[in-house]
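All remarks here apply to the structure that follows.
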Amino acid sequence: MPVPILKQGHLLIATLQTELTDRDWFDFQMEVTKLVGVHRARGVILDVTVLDVLDSFATKSLKNIAEMVRLRGARAVVVGIHPDVAFTMVQLGLTLHGIDTAIDLEHGLNLLNLRTSSSTANGRN
């Protein structure tokens, strides 16, 4: 199941619309990383609002995407983690340590706009 990835200014917004298979997660990682370069994106929103579960593979995939995006010169923010999902992740020892998160798309966009504008002002990106 492909994940739609939209360009909004200097940002990409990837909204997961259903649970992904392991293969889908791999393809998603590669597509996001490629599109950062194609669109010269400075940031990526990873919207997981529809997910009821973030298992260890999904969590690792989100970490990988954030790291690959960072290596391409952009920032990633994961948005929309439900309270029950966050609780379960903590109970299972699954973290997104070092990755920005936000409660929803609006807050994620604000965070990325703030981060990317300060990076640009400091001569990065």
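Starting from 1 in every chain, residues are counted up; chains themselves are A, B, ... following the order of the structure tokens, and ligands are numbered from 1 as listed.
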Can you pull out the residues contacting range 79-83 of chain A? Cut-off 10 Å, using only C-alpha atoms, and skip same-chain residues under 3 positions away; I want them as a list in words.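 Near neighbours after the sequence-gap exclusion: Thr15, Ile45, Leu46, Asp47, Val48, Thr49, Val50, Leu51, Asp52, Val53, Leu54, Ala76, Ala86, Phe87, Thr88, Met89, Asp100, Thr101, Ala102, Ile103, Asp104, Leu105, Glu106, His107, Gly108 and Leu109 of chain A.
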Writing out the chosen residues with N, CA and C atoms as a PDB file, in the first residue's frame:
ATOM      1  N   THR A  15       1.215  10.949   4.841  1.00  0.00           N
ATOM      2  CA  THR A  15       0.122  10.550   5.719  1.00  0.00           C
ATOM      3  C   THR A  15      -0.179   9.075   5.527  1.00  0.00           C
ATOM      4  N   ILE A  45       6.959  15.684   7.363  1.00  0.00           N
ATOM      5  CA  ILE A  45       5.981  15.315   8.382  1.00  0.00           C
ATOM      6  C   ILE A  45       5.601  13.862   8.132  1.00  0.00           C
ATOM      7  N   LEU A  46       5.691  13.037   9.158  1.00  0.00           N
ATOM      8  CA  LEU A  46       5.270  11.635   9.092  1.00  0.00           C
ATOM      9  C   LEU A  46       4.027  11.509   9.968  1.00  0.00           C
ATOM     10  N   ASP A  47       2.856  11.503   9.333  1.00  0.00           N
ATOM     11  CA  ASP A  47       1.585  11.510  10.053  1.00  0.00           C
ATOM     12  C   ASP A  47       1.096  10.081  10.262  1.00  0.00           C
ATOM     13  N   VAL A  48       1.104   9.650  11.528  1.00  0.00           N
ATOM     14  CA  VAL A  48       0.718   8.282  11.880  1.00  0.00           C
ATOM     15  C   VAL A  48      -0.622   8.249  12.624  1.00  0.00           C
ATOM     16  N   THR A  49      -1.435   9.273  12.437  1.00  0.00           N
ATOM     17  CA  THR A  49      -2.693   9.413  13.164  1.00  0.00           C
ATOM     18  C   THR A  49      -3.587   8.184  13.062  1.00  0.00           C
ATOM     19  N   VAL A  50      -3.646   7.538  11.911  1.00  0.00           N
ATOM     20  CA  VAL A  50      -4.569   6.403  11.734  1.00  0.00           C
ATOM     21  C   VAL A  50      -4.055   5.108  12.359  1.00  0.00           C
ATOM     22  N   LEU A  51      -2.816   5.069  12.775  1.00  0.00           N
ATOM     23  CA  LEU A  51      -2.259   3.813  13.288  1.00  0.00           C
ATOM     24  C   LEU A  51      -2.686   3.567  14.737  1.00  0.00           C
ATOM     25  N   ASP A  52      -3.237   2.387  14.973  1.00  0.00           N
ATOM     26  CA  ASP A  52      -3.625   1.979  16.320  1.00  0.00           C
ATOM     27  C   ASP A  52      -2.480   1.276  17.043  1.00  0.00           C
ATOM     28  N   VAL A  53      -1.448   0.903  16.281  1.00  0.00           N
ATOM     29  CA  VAL A  53      -0.311   0.172  16.829  1.00  0.00           C
ATOM     30  C   VAL A  53       0.956   0.659  16.141  1.00  0.00           C
ATOM     31  N   LEU A  54       2.003   0.858  16.913  1.00  0.00           N
ATOM     32  CA  LEU A  54       3.350   1.067  16.368  1.00  0.00           C
ATOM     33  C   LEU A  54       4.215  -0.022  16.978  1.00  0.00           C
ATOM     34  N   ALA A  76      12.774  15.622  10.234  1.00  0.00           N
ATOM     35  CA  ALA A  76      11.530  14.859  10.248  1.00  0.00           C
ATOM     36  C   ALA A  76      10.806  15.082  11.562  1.00  0.00           C
ATOM     37  N   ALA A  86       1.106   5.627  22.476  1.00  0.00           N
ATOM     38  CA  ALA A  86       2.262   6.120  23.241  1.00  0.00           C
ATOM     39  C   ALA A  86       2.453   5.285  24.510  1.00  0.00           C
ATOM     40  N   PHE A  87       1.363   5.009  25.204  1.00  0.00           N
ATOM     41  CA  PHE A  87       1.433   4.211  26.431  1.00  0.00           C
ATOM     42  C   PHE A  87       2.029   2.833  26.140  1.00  0.00           C
ATOM     43  N   THR A  88       1.516   2.178  25.118  1.00  0.00           N
ATOM     44  CA  THR A  88       1.992   0.840  24.768  1.00  0.00           C
ATOM     45  C   THR A  88       3.459   0.872  24.351  1.00  0.00           C
ATOM     46  N   MET A  89       3.834   1.885  23.575  1.00  0.00           N
ATOM     47  CA  MET A  89       5.231   1.991  23.152  1.00  0.00           C
ATOM     48  C   MET A  89       6.155   2.097  24.362  1.00  0.00           C
ATOM     49  N   ASP A 100      11.836  14.492  16.620  1.00  0.00           N
ATOM     50  CA  ASP A 100      10.780  15.414  17.006  1.00  0.00           C
ATOM     51  C   ASP A 100       9.426  14.769  16.802  1.00  0.00           C
ATOM     52  N   THR A 101       8.516  15.017  17.733  1.00  0.00           N
ATOM     53  CA  THR A 101       7.138  14.564  17.618  1.00  0.00           C
ATOM     54  C   THR A 101       6.224  15.741  17.913  1.00  0.00           C
ATOM     55  N   ALA A 102       5.001  15.654  17.410  1.00  0.00           N
ATOM     56  CA  ALA A 102       4.006  16.690  17.667  1.00  0.00           C
ATOM     57  C   ALA A 102       2.646  16.027  17.766  1.00  0.00           C
ATOM     58  N   ILE A 103       1.738  16.691  18.447  1.00  0.00           N
ATOM     59  CA  ILE A 103       0.425  16.104  18.704  1.00  0.00           C
ATOM     60  C   ILE A 103      -0.418  15.955  17.446  1.00  0.00           C
ATOM     61  N   ASP A 104      -0.261  16.897  16.506  1.00  0.00           N
ATOM     62  CA  ASP A 104      -1.058  16.820  15.282  1.00  0.00           C
ATOM     63  C   ASP A 104      -0.330  17.525  14.145  1.00  0.00           C
ATOM     64  N   LEU A 105      -0.952  17.496  12.964  1.00  0.00           N
ATOM     65  CA  LEU A 105      -0.337  18.066  11.768  1.00  0.00           C
ATOM     66  C   LEU A 105      -0.038  19.550  11.931  1.00  0.00           C
ATOM     67  N   GLU A 106      -0.968  20.290  12.493  1.00  0.00           N
ATOM     68  CA  GLU A 106      -0.767  21.732  12.668  1.00  0.00           C
ATOM     69  C   GLU A 106       0.468  22.022  13.517  1.00  0.00           C
ATOM     70  N   HIS A 107       0.586  21.338  14.648  1.00  0.00           N
ATOM     71  CA  HIS A 107       1.750  21.545  15.512  1.00  0.00           C
ATOM     72  C   HIS A 107       3.034  21.060  14.842  1.00  0.00           C
ATOM     73  N   GLY A 108       2.947  19.978  14.086  1.00  0.00           N
ATOM     74  CA  GLY A 108       4.111  19.475  13.366  1.00  0.00           C
ATOM     75  C   GLY A 108       4.595  20.462  12.320  1.00  0.00           C
ATOM     76  N   LEU A 109       3.659  21.057  11.585  1.00  0.00           N
ATOM     77  CA  LEU A 109       4.023  22.066  10.587  1.00  0.00           C
ATOM     78  C   LEU A 109       4.669  23.271  11.249  1.00  0.00           C
TER      79      LEU A 109
END
Selection: 10 Å around Ala14 in chain A, only C-alpha atoms, excl. self and same-chain fewer than 3 positions, as a PyMOL selection string: chain A and resi 3-7+11+17+28+32+44-48+78
Please run DSSP on the backbone and report, as a CSV table (one decimal) with C-alpha atoms, in the first residue's frame, all residues within range 62-120 of chain A that come out as alpha helix (DSSP H).
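For reference, out_12.csv as written:
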chain,number,residue,atom,x,y,z
A,62,LEU,CA,10.2,5.7,11.6
A,63,LYS,CA,13.6,6.1,13.2
A,64,ASN,CA,15.3,5.0,10.0
A,65,ILE,CA,13.3,7.5,8.0
A,66,ALA,CA,14.1,10.3,10.4
A,67,GLU,CA,17.8,9.4,10.2
A,68,MET,CA,17.9,9.1,6.4
A,69,VAL,CA,16.1,12.4,6.0
A,70,ARG,CA,18.6,14.0,8.4
A,71,LEU,CA,21.4,12.7,6.4
A,83,PRO,CA,-2.3,8.3,23.8
A,84,ASP,CA,-2.9,4.5,23.9
A,85,VAL,CA,-0.2,4.0,21.3
A,86,ALA,CA,2.3,6.1,23.2
A,87,PHE,CA,1.4,4.2,26.4
A,88,THR,CA,2.0,0.8,24.8
A,89,MET,CA,5.2,2.0,23.2
A,90,VAL,CA,6.6,3.1,26.5
A,91,GLN,CA,5.5,-0.2,28.2
A,92,LEU,CA,7.3,-2.1,25.4
A,105,LEU,CA,-0.3,18.1,11.8
A,106,GLU,CA,-0.8,21.7,12.7
A,107,HIS,CA,1.8,21.5,15.5
A,108,GLY,CA,4.1,19.5,13.4
A,109,LEU,CA,4.0,22.1,10.6
A,110,ASN,CA,4.7,24.9,13.1
A,111,LEU,CA,7.6,22.9,14.6
A,112,LEU,CA,9.2,22.2,11.2
A,113,ASN,CA,8.7,25.7,10.0
A,114,LEU,CA,10.4,27.0,13.2
A,115,ARG,CA,13.2,24.5,12.9
A,116,THR,CA,13.9,24.9,9.2
A,117,SER,CA,13.7,28.7,9.3
A,118,SER,CA,16.2,28.8,12.2
A,119,SER,CA,18.5,26.3,10.3
A,120,THR,CA,18.4,28.4,7.2
Just to confirm, what's the straight-line distance from CA of Asp24 in chain A to CA of Thr59 in chain A in Å (one decimal)?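 Separating CA of Asp24 in chain A from CA of Thr59 in chain A is a distance of 13.6 Å.
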Based on the backbone DSSP call, show me all residues of range 40-96 of chain A assigned strand (DSSP E or B), as an MDAnalysis selection string. chainID A and resid 43:47 75:79
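Among A:Pro2, A:His97, A:Gly43, A:Lys60, the residue with the shortest atom-to-atom distance to Thr18 in chain A, counting only C-alpha atoms, is A:Pro2.
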How many Å separate CA of Thr33 in chain A from CA of Leu94 in chain A? 22.8 Å
Do you have the CA of Gln8 in chain A-CA of Ala41 in chain A distance handy?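 Pair CA of Gln8 in chain A / CA of Ala41 in chain A returns 9.2 Å.
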